[in-house]
$ cat final.cif   # mmCIF, C-alpha atoms
data_input
loop_
_atom_site.group_PDB
_atom_site.id
_atom_site.type_symbol
_atom_site.label_atom_id
_atom_site.label_comp_id
_atom_site.auth_asym_id
_atom_site.auth_seq_id
_atom_site.Cartn_x
_atom_site.Cartn_y
_atom_site.Cartn_z
ATOM 1 C CA MET B 1 221.095 123.320 66.402
ATOM 2 C CA GLU B 2 224.657 122.544 67.506
ATOM 3 C CA ASN B 3 226.198 121.773 64.104
ATOM 4 C CA LEU B 4 224.305 124.480 62.239
ATOM 5 C CA ALA B 5 225.359 128.022 61.404
ATOM 6 C CA LYS B 6 223.259 130.677 63.107
ATOM 7 C CA ILE B 7 221.678 133.105 60.655
ATOM 8 C CA LYS B 8 222.339 136.703 61.657
ATOM 9 C CA ASN B 9 219.345 139.036 61.846
ATOM 10 C CA PRO B 10 220.577 142.113 59.921
ATOM 11 C CA PHE B 11 217.246 143.900 60.322
ATOM 12 C CA ILE B 12 217.939 144.639 63.992
ATOM 13 C CA ASN B 13 220.422 147.403 63.197
ATOM 14 C CA HIS B 14 219.382 148.049 59.602
ATOM 15 C CA LYS B 15 215.836 149.176 60.378
ATOM 16 C CA GLY B 16 216.466 150.641 63.823
ATOM 17 C CA ASP B 17 213.530 151.192 66.159
ATOM 18 C CA SER B 18 210.948 150.706 63.391
ATOM 19 C CA TYR B 19 211.745 146.981 63.117
ATOM 20 C CA ASN B 20 208.868 145.204 64.855
ATOM 21 C CA CYS B 21 208.230 142.068 62.778
ATOM 22 C CA PHE B 22 205.773 139.734 64.501
ATOM 23 C CA GLY B 23 207.787 136.700 63.403
ATOM 24 C CA CYS B 24 211.418 137.593 63.948
ATOM 25 C CA SER B 25 211.968 140.881 65.780
ATOM 26 C CA PRO B 26 213.605 140.284 69.170
ATOM 27 C CA GLN B 27 212.070 143.585 70.333
ATOM 28 C CA ASN B 28 208.468 142.491 69.688
ATOM 29 C CA ILE B 29 207.573 141.000 73.060
ATOM 30 C CA ASN B 30 204.177 139.880 71.706
ATOM 31 C CA GLY B 31 205.721 138.184 68.675
ATOM 32 C CA LEU B 32 207.195 134.787 67.907
ATOM 33 C CA LEU B 33 210.840 135.830 68.508
ATOM 34 C CA MET B 34 212.070 133.317 65.929
ATOM 35 C CA GLU B 35 215.749 132.690 65.209
ATOM 36 C CA PHE B 36 217.152 130.688 62.316
ATOM 37 C CA TYR B 37 220.003 128.279 61.589
ATOM 38 C CA SER B 38 221.237 126.606 58.421
ATOM 39 C CA ASP B 39 223.297 123.752 57.078
ATOM 40 C CA GLY B 40 223.661 125.609 53.763
ATOM 41 C CA ASP B 41 220.776 123.758 52.102
ATOM 42 C CA LYS B 42 217.918 124.123 54.583
ATOM 43 C CA LEU B 43 216.838 126.553 57.277
ATOM 44 C CA TYR B 44 215.929 125.410 60.766
ATOM 45 C CA SER B 45 214.328 126.979 63.795
ATOM 46 C CA GLU B 46 213.441 125.812 67.263
ATOM 47 C CA TRP B 47 210.561 127.628 68.886
ATOM 48 C CA LYS B 48 209.191 127.570 72.421
ATOM 49 C CA PRO B 49 205.401 127.910 72.382
ATOM 50 C CA ASP B 50 203.694 130.151 74.886
ATOM 51 C CA LYS B 51 200.131 130.079 76.226
ATOM 52 C CA GLN B 52 199.289 133.287 74.294
ATOM 53 C CA PHE B 53 199.530 131.287 71.046
ATOM 54 C CA GLU B 54 196.921 128.721 72.086
ATOM 55 C CA GLY B 55 193.833 127.935 70.012
ATOM 56 C CA TYR B 56 191.993 124.971 71.510
ATOM 57 C CA GLN B 57 193.140 124.193 75.032
ATOM 58 C CA ASN B 58 196.810 123.123 74.959
ATOM 59 C CA VAL B 59 196.969 123.284 71.124
ATOM 60 C CA ILE B 60 198.994 125.877 69.219
ATOM 61 C CA HIS B 61 196.606 127.897 67.060
ATOM 62 C CA GLY B 62 196.616 126.853 63.397
ATOM 63 C CA GLY B 63 197.091 130.437 62.242
ATOM 64 C CA ILE B 64 200.207 130.722 64.394
ATOM 65 C CA GLN B 65 201.534 127.498 62.860
ATOM 66 C CA ALA B 66 200.935 128.937 59.380
ATOM 67 C CA THR B 67 202.683 132.170 60.383
ATOM 68 C CA ILE B 68 205.695 130.235 61.690
ATOM 69 C CA MET B 69 205.959 128.353 58.390
ATOM 70 C CA ASP B 70 205.604 131.528 56.326
ATOM 71 C CA GLU B 71 208.270 133.271 58.419
ATOM 72 C CA ILE B 72 210.910 130.567 58.022
ATOM 73 C CA ALA B 73 210.120 130.406 54.293
ATOM 74 C CA SER B 74 210.792 134.133 53.921
ATOM 75 C CA TRP B 75 214.104 133.763 55.750
ATOM 76 C CA THR B 76 214.988 130.879 53.431
ATOM 77 C CA VAL B 77 214.493 133.253 50.504
ATOM 78 C CA TYR B 78 216.663 135.901 52.203
ATOM 79 C CA ALA B 79 219.520 133.695 53.343
ATOM 80 C CA LEU B 80 219.688 131.064 50.613
ATOM 81 C CA LEU B 81 218.244 132.681 47.475
ATOM 82 C CA ASP B 82 219.793 136.151 47.848
ATOM 83 C CA THR B 83 216.661 138.227 47.457
ATOM 84 C CA ALA B 84 213.351 139.095 49.070
ATOM 85 C CA GLY B 85 209.848 138.210 47.983
ATOM 86 C CA VAL B 86 206.237 137.888 49.001
ATOM 87 C CA THR B 87 204.046 134.890 49.628
ATOM 88 C CA GLU B 88 201.991 134.136 46.539
ATOM 89 C CA LYS B 89 200.363 130.910 47.665
ATOM 90 C CA MET B 90 200.471 128.753 50.757
ATOM 91 C CA GLU B 91 198.926 125.308 51.071
ATOM 92 C CA VAL B 92 198.901 124.213 54.709
ATOM 93 C CA ASN B 93 198.210 120.727 55.990
ATOM 94 C CA TYR B 94 197.527 120.028 59.640
ATOM 95 C CA HIS B 95 198.448 116.418 60.381
ATOM 96 C CA LYS B 96 198.343 116.153 64.188
ATOM 97 C CA PRO B 97 197.613 118.528 67.067
ATOM 98 C CA LEU B 98 200.669 120.546 68.103
ATOM 99 C CA TYR B 99 200.512 120.649 71.884
ATOM 100 C CA LEU B 100 201.833 123.497 74.015
ATOM 101 C CA SER B 101 202.633 121.146 76.879
ATOM 102 C CA GLN B 102 205.131 119.118 74.836
ATOM 103 C CA GLY B 103 207.728 121.913 74.805
ATOM 104 C CA ASN B 104 209.865 123.237 71.995
ATOM 105 C CA ILE B 105 208.970 122.539 68.397
ATOM 106 C CA SER B 106 211.290 122.292 65.403
ATOM 107 C CA ILE B 107 210.726 123.820 61.992
ATOM 108 C CA VAL B 108 212.594 123.078 58.756
ATOM 109 C CA SER B 109 212.370 124.782 55.369
ATOM 110 C CA VAL B 110 213.803 123.627 52.049
ATOM 111 C CA VAL B 111 213.678 125.041 48.524
ATOM 112 C CA LYS B 112 211.965 122.526 46.243
ATOM 113 C CA GLN B 113 212.274 124.512 43.017
ATOM 114 C CA LYS B 114 213.237 127.972 41.860
ATOM 115 C CA ASP B 115 213.232 129.985 38.681
ATOM 116 C CA GLU B 116 213.836 133.659 38.009
ATOM 117 C CA LYS B 117 210.479 134.837 39.383
ATOM 118 C CA LYS B 118 209.273 132.182 41.820
ATOM 119 C CA ALA B 119 210.430 129.738 44.439
ATOM 120 C CA VAL B 120 208.521 126.822 45.904
ATOM 121 C CA LEU B 121 209.450 125.893 49.460
ATOM 122 C CA PHE B 122 208.416 123.025 51.672
ATOM 123 C CA VAL B 123 208.164 123.551 55.440
ATOM 124 C CA GLU B 124 207.419 121.147 58.285
ATOM 125 C CA ILE B 125 206.729 121.666 61.965
ATOM 126 C CA LYS B 126 207.595 118.738 64.230
ATOM 127 C CA ASN B 127 206.860 118.160 67.890
ATOM 128 C CA THR B 128 209.432 116.986 70.442
ATOM 129 C CA LYS B 129 208.827 113.378 69.403
ATOM 130 C CA ASN B 130 209.870 114.329 65.826
ATOM 131 C CA ILE B 131 206.327 113.790 64.531
ATOM 132 C CA VAL B 132 205.201 116.108 61.731
ATOM 133 C CA CYS B 133 202.221 118.074 63.046
ATOM 134 C CA SER B 134 201.834 120.539 60.158
ATOM 135 C CA SER B 135 203.425 121.224 56.796
ATOM 136 C CA ALA B 136 203.100 123.675 53.954
ATOM 137 C CA GLU B 137 204.081 124.149 50.365
ATOM 138 C CA ILE B 138 204.698 127.860 49.927
ATOM 139 C CA THR B 139 205.174 129.678 46.638
ATOM 140 C CA TYR B 140 207.090 132.935 46.850
ATOM 141 C CA TYR B 141 207.141 135.605 44.185
ATOM 142 C CA LEU B 142 210.791 136.722 44.067
ATOM 143 C CA PHE B 143 211.844 140.312 43.553
ATOM 144 C CA PRO B 144 214.893 140.905 41.387
ATOM 145 C CA SER B 145 217.752 141.382 43.882
ATOM 146 C CA ARG B 146 218.351 145.018 42.891
ATOM 147 C CA ILE B 147 214.645 145.827 43.451
ATOM 148 C CA ALA B 148 214.664 143.982 46.805
ATOM 149 C CA LYS B 149 217.617 146.112 47.909
ATOM 150 C CA ALA B 150 216.297 149.434 46.582
ATOM 151 C CA LYS B 151 212.610 149.224 47.554
ATOM 152 C CA TYR B 152 212.389 146.684 50.379
ATOM 153 C CA ASN B 153 215.602 147.280 52.377
ATOM 154 C CA TYR B 154 216.952 143.811 51.605
ATOM 155 C CA PRO B 155 220.554 143.971 52.876
ATOM 156 C CA GLY B 156 221.934 141.196 50.614
ATOM 157 C CA LYS B 157 222.647 137.536 51.342
ATOM 158 C CA ASP B 158 226.030 138.179 52.955
ATOM 159 C CA ALA B 159 224.405 140.235 55.740
ATOM 160 C CA PHE B 160 222.737 137.048 57.026
ATOM 161 C CA TRP B 161 225.975 135.066 57.201
ATOM 162 C CA LYS B 162 228.563 137.415 58.736
#
$ encode --input "final.cif" --output "structure tokens"
Amino acid sequence: MENLAKIKNPFINHKGDSYNCFGCSPQNINGLLMEFYSDGDKLYSEWKPDKQFEGYQNVIHGGIQATIMDEIASWTVYALLDTAGVTEKMEVNYHKPLYLSQGNISIVSVVKQKDEKKAVLFVEIKNTKNIVCSSAEITYYLFPSRIAKAKYNYPGKDAFWK
């Protein structure tokens, strides 16, 4: 993550004590505690798995993998597309077991296509050997930016980059 810009988490101060997102809140000790980085075109995250996220012995639960991919996709919408949205459809593929014992995993998200109302993103999770263990194509319904700001506390794209 050395040559990437760290994405700021504006929700920490914006939402105060009520901010407890399972995916990205640093205060949620039971959550994923995800952080994000970008090269301007893609979002990246590195995540250290913990035993509490195990499904089969030594394998990260498939639902946790799906949650990780959905979380980075939503941050891609925030930081790169300048709005907020909701997941409309998510097609997940599990290619190989993602083992807890192999250490940190890497996640990457890219926008494949976008129009006024929807964005399609592609996300991959790779193990430490850079092997794709799971991937997803995620369709997001996009809120108009003014609605995202007024109804959903979206702070605007600049808040993620300063």
$ resolve_selection --input "final.cif" --expression "the PyMOL selection byres ((chain B and resi 97) around 10)" --output "ChimeraX atom specification"
/B:56,58-62,94-96,98-100,127,132-134
$ residues_near_point --input "final.cif" --point "(207.8, 123.5, 75.2)" --cutoff "9 Å" --atoms "all atoms listed in the file" --output "number ranges by chain"
B: 47-50, 99-105, 128
$ residues_near_point --input "final.cif" --point "(206.4, 127.6, 57.3)" --cutoff "9 Å" --atoms "all atoms listed in the file" --output "ChimeraX atom specification"
/B:65-74,90,92,107-109,121-125,134-138
$ closest_atom_pairs --input "final.cif" --of "region 25-95 of chain B" --to "region 151-154 of chain B" --cutoff "10 Å" --atoms "all atoms listed in the file" --output "Markdown table"
| residue | atom | partner | partner_atom | distance |
| --- | --- | --- | --- | --- |
| B:Tyr78 | CA | B:Tyr154 | CA | 7.9 |
| B:Asp82 | CA | B:Tyr154 | CA | 9.0 |
| B:Thr83 | CA | B:Tyr154 | CA | 7.0 |
| B:Ala84 | CA | B:Tyr154 | CA | 6.5 |
| B:Gly85 | CA | B:Tyr152 | CA | 9.2 |
$ closest_residue --input "final.cif" --among "B:Ser18, B:Gln52, B:Lys117, B:Tyr140" --to "Glu91 (chain B)" --atoms "all atoms listed in the file"
B:Tyr140
$ atom_distance --input "final.cif" --atom1 "CA of Tyr19 (chain B)" --atom2 "CA of Lys149 (chain B)"
16.3 Å
$ axis_aligned_box --input "final.cif" --around "region 27-37 of chain B" --padding-each-side "4 Å" --output "AutoDock Vina command-line options"
--center_x 212.1 --center_y 135.9 --center_z 67.3 --size_x 23.8 --size_y 23.3 --size_z 19.5
$ resolve_selection --input "final.cif" --expression "the PyMOL selection byres ((chain B and resi 87) around 7)" --output "PDB file with C-alpha atoms, in the frame of the given file"
ATOM      1  CA  GLY B  85     209.848 138.210  47.983  1.00  0.00           C
ATOM      2  CA  VAL B  86     206.237 137.888  49.001  1.00  0.00           C
ATOM      3  CA  GLU B  88     201.991 134.136  46.539  1.00  0.00           C
ATOM      4  CA  LYS B  89     200.363 130.910  47.665  1.00  0.00           C
ATOM      5  CA  THR B 139     205.174 129.678  46.638  1.00  0.00           C
ATOM      6  CA  TYR B 140     207.090 132.935  46.850  1.00  0.00           C
ATOM      7  CA  TYR B 141     207.141 135.605  44.185  1.00  0.00           C
TER       8      TYR B 141
END
$ resolve_selection --input "final.cif" --expression "the PyMOL selection byres ((chain B and resi 2-15) around 7)" --output "PyMOL selection string"
chain B and resi 1+16-19+36-39+159-162
